[in-house]
Amino acid sequence: MKKIILFISIATSVCAWTPNSWKQKQSKQLPDYKNRGTLLKIETILSKKPPLVISPEIDNLKKELEEIERGERFLFMGGDCAETFREHSSKQIINNYQLFIFSTIILMTKTGKKITKIARAAGQFSKPRSNDYEMIDNKKIPVYKGDMINRESIDKREPDPFLMLRAYHQSMETLNLIRALSYSHKYSSINVQNWKTDLMSNIYQIDFLTEILNNVQSSINVLSSSELENSWNINCAQLYTGHEGMLLHYEEALTRKDRFTDKYYDCSSHFLWIGERTRQLNYAHVEFFKGIHNPIGIKVSHQIEPWELIQLLLALNPQNEHGKICLITRMGEHIEDALPKLIDVVKKYNLNVIWVCDPMHGNGKSINNIKTRYYNDIVKEVDHFFNIHYKKGTIPGGIHLEMTSNDVTECIGGNYIIKENNEKFLNTNYLSSCDPRLNFFQTVELIEHISNIIV
């Protein structure tokens with residue numbers, strides 16, 4: 001109890017916050033830019049750019065998250081492990097958007113819940129890594145940390161501030177197309193049968209997909225033939241964006257003070273999260289996140305202590321606002337032991353949070369130095385997550401996936417996938433620059449499974 005009281009005192013102490021007060025703190029995972037003058041120049045340029053998102057959009061998301069906290073909605077977050085410049089295209093954005101729509105229809109029609117969608121897009125360009133350097137060909141070089149920081153090529157690994165500008169412009173293009181799709185999309189225009197011709201027959205068992213395609217098409221037909229066909233809710237599909245707020249130079253530069261409320265919003269994205277590797281209380285990332293008005297996520301593994309979690313929640317949400325904090329758990333095989341303790345301590349102190357399951361990051365495996373994840377491990381963590389919450393009487397509020405609409409072969413397993421040698425499968429179409437992603441129908445199969453256990 002003494003520990004908790006001490007942490008409450010620390011977390012609720014009043015400090016002068018500014019968008020750059022994080023620079024007075026120790027930091028983790030941030031790049032070491034060699035040319036500080038160039039860095040300052042890029043930060044200044046970004047600070048004068050138009051915001052990527054605006055405060056009313058962010059506030060709307062927070063209202064939806066309040067409904068999720070009450071169990072009236074469900075949160076579906078997903079997208080690339082890390083966006084890249086090489087994969088950026090209109091086709092990629094449209095296909096990823098369609099995957100969200102396809103999955104949402106499954107969730108919506110099977111659960112009867114409204115679905116809030118947050119894409120890991122338009123900003124997910126930086127990734128924390130376990131080590132700052134790696135050895136390649138007996139040479140020590142900086143590790144790749146995402147296209148916003150450095151490049152995959154081993155001769156371009158020095159952090160480059162100019163990459164932040166390129167990431168900003170790609171994010172703007174992505175958001176422009178997402179908004180156009182969101183406000184003009186018609187469910188009745190989707191013909192899922194057309195997707196069959198685009199599938200890679202050497203990856204999927206095509207015959208097994210017929211039933212799920214037919215079921216989704218039936219749901220679309222019902223929506224398009226109902227009297228609600230022209231309603232705003234049926235024909236428009238709001239998709240918010242989110243990313244890990246790791247590169248604080250970029251986040252600060254896109255933070256704006258709302259002229260009506262005098263509140264600060266990080267206008268790089270609707271939703272941001274602090275990673276497992278950057279959630280230390282008295283460090284830079286928590287300091288920055290203290291002052292922004294966006295709803296935020298905290299990634300937590302089995303390694304966090306219950307008192308650490310309380311400390312973080314008090315620091316980041318001192319007013320105990322509803323819809324403010326998403327606890328995104330990533331625990332793998334440790335979930336049965338670790339998650340109940342966290343639920344208990346959050347309930348004990350009556351703190352408002354939304355519980356979200358990230359079944360990806362705690363289930364990493366390696367086959368001959370190729371990073372992968374087993375589909376069955378992912379399903380197992382999802383099932384434990386829901387079962388634990390149902391037993392505790394708390395609300396399992398959402399799912400957070402690393403996924404792509406591409407027919408990649410990065411995660412192993414699933415009923416719709418051709419069964420063959422694992423190493424051969426991984427080498428068929430492995431495209432990720434960082435972590436392995438679920439492909440189109442692995443995602444759909446998992447969403448279908450989740451829709452059957454939501455109550």
# chains A, B, ... in the order shown; residues from 1 in each chain; ligands from 1
>>> closest_atom_pairs(of="range 302-408 of chain A", to="range 78-89 of chain A", cutoff="10 Å", atoms="only C-alpha atoms", output="tab-separated table")
residue	atom	partner	partner_atom	distance
A:Asp358	CA	A:Gly78	CA	9.6
A:Ile399	CA	A:Gly78	CA	8.0
A:His400	CA	A:Gly78	CA	5.5
A:Leu401	CA	A:Gly78	CA	4.5
A:Glu402	CA	A:Gly79	CA	5.2
A:Met403	CA	A:Gly79	CA	4.9
A:Thr404	CA	A:Gly79	CA	6.0
A:Ser405	CA	A:Gly79	CA	8.8
>>> residues_around(residues="Thr104 in chain A", least_positions_apart="4", cutoff="8 Å", atoms="only C-alpha atoms", output="list in words")
Phe100, Met108 and Ile115 of chain A
>>> closest_residue(among="A:Tyr283, A:Tyr265, A:Tyr204, A:Phe125", to="Lys28 in chain A", atoms="only C-alpha atoms")
A:Tyr283
>>> residues_around(residues="Arg256 in chain A", least_positions_apart="4", cutoff="10 Å", atoms="only C-alpha atoms", output="compact mmCIF listing (two decimals) with N, CA and C atoms, in the first residue's frame")
# COMPACT_ATOMS: atom_id res chain seq x y z
N PRO A 19 4.75 20.94 -25.41
CA PRO A 19 5.00 19.89 -26.41
C PRO A 19 6.44 19.41 -26.48
N SER A 47 6.38 21.61 -38.35
CA SER A 47 5.52 22.36 -37.43
C SER A 47 4.63 23.36 -38.16
N PRO A 50 0.16 21.59 -42.58
CA PRO A 50 -1.22 21.35 -42.12
C PRO A 50 -1.29 20.09 -41.28
N PRO A 51 -2.17 20.05 -40.29
CA PRO A 51 -2.33 18.82 -39.49
C PRO A 51 -2.85 17.69 -40.36
N ILE A 54 -7.68 16.41 -37.47
CA ILE A 54 -8.09 17.59 -36.72
C ILE A 54 -8.81 17.18 -35.43
N SER A 55 -8.88 18.12 -34.50
CA SER A 55 -9.38 17.81 -33.16
C SER A 55 -10.81 17.27 -33.14
N GLU A 252 5.98 15.77 -31.82
CA GLU A 252 5.96 17.15 -31.31
C GLU A 252 5.70 18.15 -32.43
N ASP A 262 -8.04 25.40 -26.24
CA ASP A 262 -6.68 25.55 -25.69
C ASP A 262 -6.07 24.22 -25.27
N LYS A 263 -6.60 23.11 -25.77
CA LYS A 263 -6.02 21.79 -25.49
C LYS A 263 -5.08 21.40 -26.61
N TYR A 264 -4.05 20.64 -26.25
CA TYR A 264 -3.08 20.17 -27.24
C TYR A 264 -3.51 18.83 -27.81
N TYR A 265 -3.44 18.72 -29.14
CA TYR A 265 -3.72 17.47 -29.82
C TYR A 265 -2.51 17.10 -30.69
N ASP A 266 -2.11 15.84 -30.66
CA ASP A 266 -1.11 15.36 -31.61
C ASP A 266 -1.86 15.05 -32.91
N CYS A 267 -1.70 15.94 -33.86
CA CYS A 267 -2.48 15.85 -35.10
C CYS A 267 -1.79 15.01 -36.18
N SER A 268 -0.86 14.15 -35.77
CA SER A 268 -0.29 13.18 -36.70
C SER A 268 -1.22 11.99 -36.89
N ILE A 292 -1.05 15.42 -24.34
CA ILE A 292 -1.89 15.46 -25.53
C ILE A 292 -3.30 14.97 -25.20
>>> residues_around(residues="Gly362 in chain A", least_positions_apart="3", cutoff="12 Å", atoms="only C-alpha atoms", output="MDAnalysis selection string")
chainID A and resid 276 299:303 328:335 357:359 365 372:374 377:378 380:382 401 435
>>> closest_residue(among="A:Ile304, A:Val346, A:Leu446, A:Ile298", to="Leu316 in chain A", atoms="only C-alpha atoms")
A:Ile298
>>> residues_around(residues="Ala122 in chain A", least_positions_apart="3", cutoff="9 Å", atoms="only C-alpha atoms", output="ChimeraX atom specification")
/A:52,83,119,125,167-168,170-175,241-243,268-269
>>> residues_around(residues="Phe425 in chain A", least_positions_apart="6", cutoff="12 Å", atoms="only C-alpha atoms", output="list in words")
Asn202, Ile203, Tyr204, Ile367, Ile370, Thr372, Asp407, Val408, Thr409, Glu410, Cys411, Ile412, Gly413, Ile417, Ile418 and Lys419 of chain A
>>> select_by_dssp(residues="range 308-389 of chain A", states="alpha helix (DSSP H)", output="VMD selection string")
chain A and resid 308 to 316 335 to 348 375 to 389
>>> select_by_dssp(residues="range 129-162 of chain A", states="strand (DSSP E)", output="JSON, numbers by chain")
{"A": [133, 134, 135, 136, 139, 140, 141, 142]}
>>> decode(residues="range 14-51 of chain A", atoms="N, CA, C and O atoms", output="mmCIF file, in the first residue's frame")
data_model
loop_
_atom_site.group_PDB
_atom_site.id
_atom_site.type_symbol
_atom_site.label_atom_id
_atom_site.label_comp_id
_atom_site.auth_asym_id
_atom_site.auth_seq_id
_atom_site.Cartn_x
_atom_site.Cartn_y
_atom_site.Cartn_z
ATOM 1 N N VAL A 14 2.049 18.141 -10.023
ATOM 2 C CA VAL A 14 1.843 19.095 -11.101
ATOM 3 C C VAL A 14 3.185 19.517 -11.693
ATOM 4 O O VAL A 14 4.087 19.956 -10.992
ATOM 5 N N CYS A 15 3.330 19.322 -12.992
ATOM 6 C CA CYS A 15 4.546 19.727 -13.694
ATOM 7 C C CYS A 15 4.135 20.587 -14.874
ATOM 8 O O CYS A 15 3.077 20.404 -15.465
ATOM 9 N N ALA A 16 4.997 21.506 -15.229
ATOM 10 C CA ALA A 16 4.721 22.351 -16.386
ATOM 11 C C ALA A 16 4.964 21.535 -17.643
ATOM 12 O O ALA A 16 6.087 21.108 -17.906
ATOM 13 N N TRP A 17 3.896 21.315 -18.433
ATOM 14 C CA TRP A 17 4.014 20.513 -19.645
ATOM 15 C C TRP A 17 3.981 21.420 -20.853
ATOM 16 O O TRP A 17 3.175 22.352 -20.948
ATOM 17 N N THR A 18 4.840 21.154 -21.795
ATOM 18 C CA THR A 18 4.815 21.780 -23.112
ATOM 19 C C THR A 18 5.062 20.687 -24.136
ATOM 20 O O THR A 18 5.540 19.592 -23.786
ATOM 21 N N PRO A 19 4.754 20.941 -25.411
ATOM 22 C CA PRO A 19 4.996 19.886 -26.408
ATOM 23 C C PRO A 19 6.442 19.413 -26.482
ATOM 24 O O PRO A 19 6.703 18.297 -26.944
ATOM 25 N N ASN A 20 7.389 20.246 -26.012
ATOM 26 C CA ASN A 20 8.792 19.818 -26.066
ATOM 27 C C ASN A 20 9.400 19.538 -24.695
ATOM 28 O O ASN A 20 10.612 19.367 -24.573
ATOM 29 N N SER A 21 8.574 19.452 -23.659
ATOM 30 C CA SER A 21 9.131 19.170 -22.330
ATOM 31 C C SER A 21 9.717 17.764 -22.243
ATOM 32 O O SER A 21 10.524 17.474 -21.356
ATOM 33 N N TRP A 22 9.354 16.891 -23.169
ATOM 34 C CA TRP A 22 9.931 15.546 -23.206
ATOM 35 C C TRP A 22 11.433 15.590 -23.431
ATOM 36 O O TRP A 22 12.155 14.643 -23.047
ATOM 37 N N LYS A 23 11.911 16.662 -24.036
ATOM 38 C CA LYS A 23 13.341 16.758 -24.351
ATOM 39 C C LYS A 23 14.196 16.921 -23.096
ATOM 40 O O LYS A 23 15.416 16.778 -23.156
ATOM 41 N N GLN A 24 13.554 17.218 -21.974
ATOM 42 C CA GLN A 24 14.290 17.343 -20.712
ATOM 43 C C GLN A 24 14.391 15.999 -19.987
ATOM 44 O O GLN A 24 14.977 15.916 -18.903
ATOM 45 N N LYS A 25 13.834 14.967 -20.584
ATOM 46 C CA LYS A 25 13.809 13.651 -19.952
ATOM 47 C C LYS A 25 14.735 12.675 -20.671
ATOM 48 O O LYS A 25 15.078 12.866 -21.843
ATOM 49 N N GLN A 26 15.107 11.629 -19.969
ATOM 50 C CA GLN A 26 15.800 10.525 -20.607
ATOM 51 C C GLN A 26 14.868 9.873 -21.616
ATOM 52 O O GLN A 26 13.646 9.870 -21.450
ATOM 53 N N SER A 27 15.450 9.307 -22.667
ATOM 54 C CA SER A 27 14.613 8.692 -23.690
ATOM 55 C C SER A 27 15.166 7.332 -24.075
ATOM 56 O O SER A 27 16.353 7.043 -23.904
ATOM 57 N N LYS A 28 14.286 6.518 -24.605
ATOM 58 C CA LYS A 28 14.652 5.221 -25.151
ATOM 59 C C LYS A 28 14.140 5.119 -26.583
ATOM 60 O O LYS A 28 13.112 5.707 -26.929
ATOM 61 N N GLN A 29 14.879 4.400 -27.408
ATOM 62 C CA GLN A 29 14.494 4.063 -28.775
ATOM 63 C C GLN A 29 14.611 5.211 -29.775
ATOM 64 O O GLN A 29 14.458 4.999 -30.975
ATOM 65 N N LEU A 30 14.861 6.429 -29.326
ATOM 66 C CA LEU A 30 14.963 7.540 -30.268
ATOM 67 C C LEU A 30 16.293 7.484 -31.017
ATOM 68 O O LEU A 30 17.325 7.129 -30.454
ATOM 69 N N PRO A 31 16.282 7.868 -32.309
ATOM 70 C CA PRO A 31 17.522 7.811 -33.095
ATOM 71 C C PRO A 31 18.508 8.901 -32.688
ATOM 72 O O PRO A 31 18.117 9.951 -32.178
ATOM 73 N N ASP A 32 19.766 8.637 -32.936
ATOM 74 C CA ASP A 32 20.834 9.603 -32.665
ATOM 75 C C ASP A 32 21.168 10.315 -33.976
ATOM 76 O O ASP A 32 21.977 9.842 -34.777
ATOM 77 N N TYR A 33 20.504 11.441 -34.197
ATOM 78 C CA TYR A 33 20.745 12.202 -35.428
ATOM 79 C C TYR A 33 22.090 12.920 -35.339
ATOM 80 O O TYR A 33 22.350 13.648 -34.385
ATOM 81 N N LYS A 34 22.915 12.727 -36.345
ATOM 82 C CA LYS A 34 24.262 13.296 -36.316
ATOM 83 C C LYS A 34 24.236 14.809 -36.549
ATOM 84 O O LYS A 34 24.994 15.560 -35.949
ATOM 85 N N ASN A 35 23.359 15.259 -37.444
ATOM 86 C CA ASN A 35 23.303 16.680 -37.790
ATOM 87 C C ASN A 35 22.101 17.313 -37.094
ATOM 88 O O ASN A 35 20.973 17.247 -37.581
ATOM 89 N N ARG A 36 22.351 17.916 -35.941
ATOM 90 C CA ARG A 36 21.261 18.495 -35.163
ATOM 91 C C ARG A 36 20.637 19.701 -35.869
ATOM 92 O O ARG A 36 19.448 19.973 -35.726
ATOM 93 N N GLY A 37 21.444 20.420 -36.655
ATOM 94 C CA GLY A 37 20.904 21.565 -37.390
ATOM 95 C C GLY A 37 19.876 21.131 -38.421
ATOM 96 O O GLY A 37 18.825 21.763 -38.582
ATOM 97 N N THR A 38 20.156 20.049 -39.125
ATOM 98 C CA THR A 38 19.207 19.521 -40.106
ATOM 99 C C THR A 38 17.941 19.033 -39.414
ATOM 100 O O THR A 38 16.825 19.256 -39.896
ATOM 101 N N LEU A 39 18.109 18.374 -38.284
ATOM 102 C CA LEU A 39 16.951 17.900 -37.517
ATOM 103 C C LEU A 39 16.052 19.070 -37.131
ATOM 104 O O LEU A 39 14.825 19.010 -37.302
ATOM 105 N N LEU A 40 16.616 20.135 -36.619
ATOM 106 C CA LEU A 40 15.841 21.306 -36.224
ATOM 107 C C LEU A 40 15.122 21.909 -37.427
ATOM 108 O O LEU A 40 13.956 22.325 -37.328
ATOM 109 N N LYS A 41 15.797 21.938 -38.564
ATOM 110 C CA LYS A 41 15.187 22.474 -39.787
ATOM 111 C C LYS A 41 13.951 21.666 -40.177
ATOM 112 O O LYS A 41 12.893 22.234 -40.500
ATOM 113 N N ILE A 42 14.063 20.340 -40.130
ATOM 114 C CA ILE A 42 12.933 19.480 -40.500
ATOM 115 C C ILE A 42 11.793 19.627 -39.489
ATOM 116 O O ILE A 42 10.617 19.686 -39.868
ATOM 117 N N GLU A 43 12.130 19.702 -38.219
ATOM 118 C CA GLU A 43 11.096 19.896 -37.193
ATOM 119 C C GLU A 43 10.339 21.198 -37.431
ATOM 120 O O GLU A 43 9.107 21.261 -37.290
ATOM 121 N N THR A 44 11.065 22.237 -37.811
ATOM 122 C CA THR A 44 10.430 23.538 -38.077
ATOM 123 C C THR A 44 9.510 23.464 -39.282
ATOM 124 O O THR A 44 8.393 24.000 -39.274
ATOM 125 N N ILE A 45 9.967 22.800 -40.335
ATOM 126 C CA ILE A 45 9.137 22.646 -41.536
ATOM 127 C C ILE A 45 7.851 21.888 -41.199
ATOM 128 O O ILE A 45 6.746 22.298 -41.582
ATOM 129 N N LEU A 46 7.986 20.789 -40.470
ATOM 130 C CA LEU A 46 6.808 19.998 -40.105
ATOM 131 C C LEU A 46 5.845 20.770 -39.209
ATOM 132 O O LEU A 46 4.622 20.616 -39.317
ATOM 133 N N SER A 47 6.381 21.607 -38.352
ATOM 134 C CA SER A 47 5.524 22.363 -37.431
ATOM 135 C C SER A 47 4.628 23.363 -38.164
ATOM 136 O O SER A 47 3.634 23.826 -37.619
ATOM 137 N N LYS A 48 4.992 23.686 -39.409
ATOM 138 C CA LYS A 48 4.207 24.636 -40.202
ATOM 139 C C LYS A 48 3.299 23.945 -41.216
ATOM 140 O O LYS A 48 2.541 24.612 -41.922
ATOM 141 N N LYS A 49 3.393 22.635 -41.285
ATOM 142 C CA LYS A 49 2.562 21.878 -42.217
ATOM 143 C C LYS A 49 1.125 21.775 -41.689
ATOM 144 O O LYS A 49 0.880 21.851 -40.488
ATOM 145 N N PRO A 50 0.155 21.591 -42.578
ATOM 146 C CA PRO A 50 -1.216 21.355 -42.119
ATOM 147 C C PRO A 50 -1.286 20.087 -41.277
ATOM 148 O O PRO A 50 -0.542 19.134 -41.518
ATOM 149 N N PRO A 51 -2.170 20.047 -40.288
ATOM 150 C CA PRO A 51 -2.326 18.816 -39.489
ATOM 151 C C PRO A 51 -2.850 17.688 -40.358
ATOM 152 O O PRO A 51 -3.615 17.915 -41.302
#
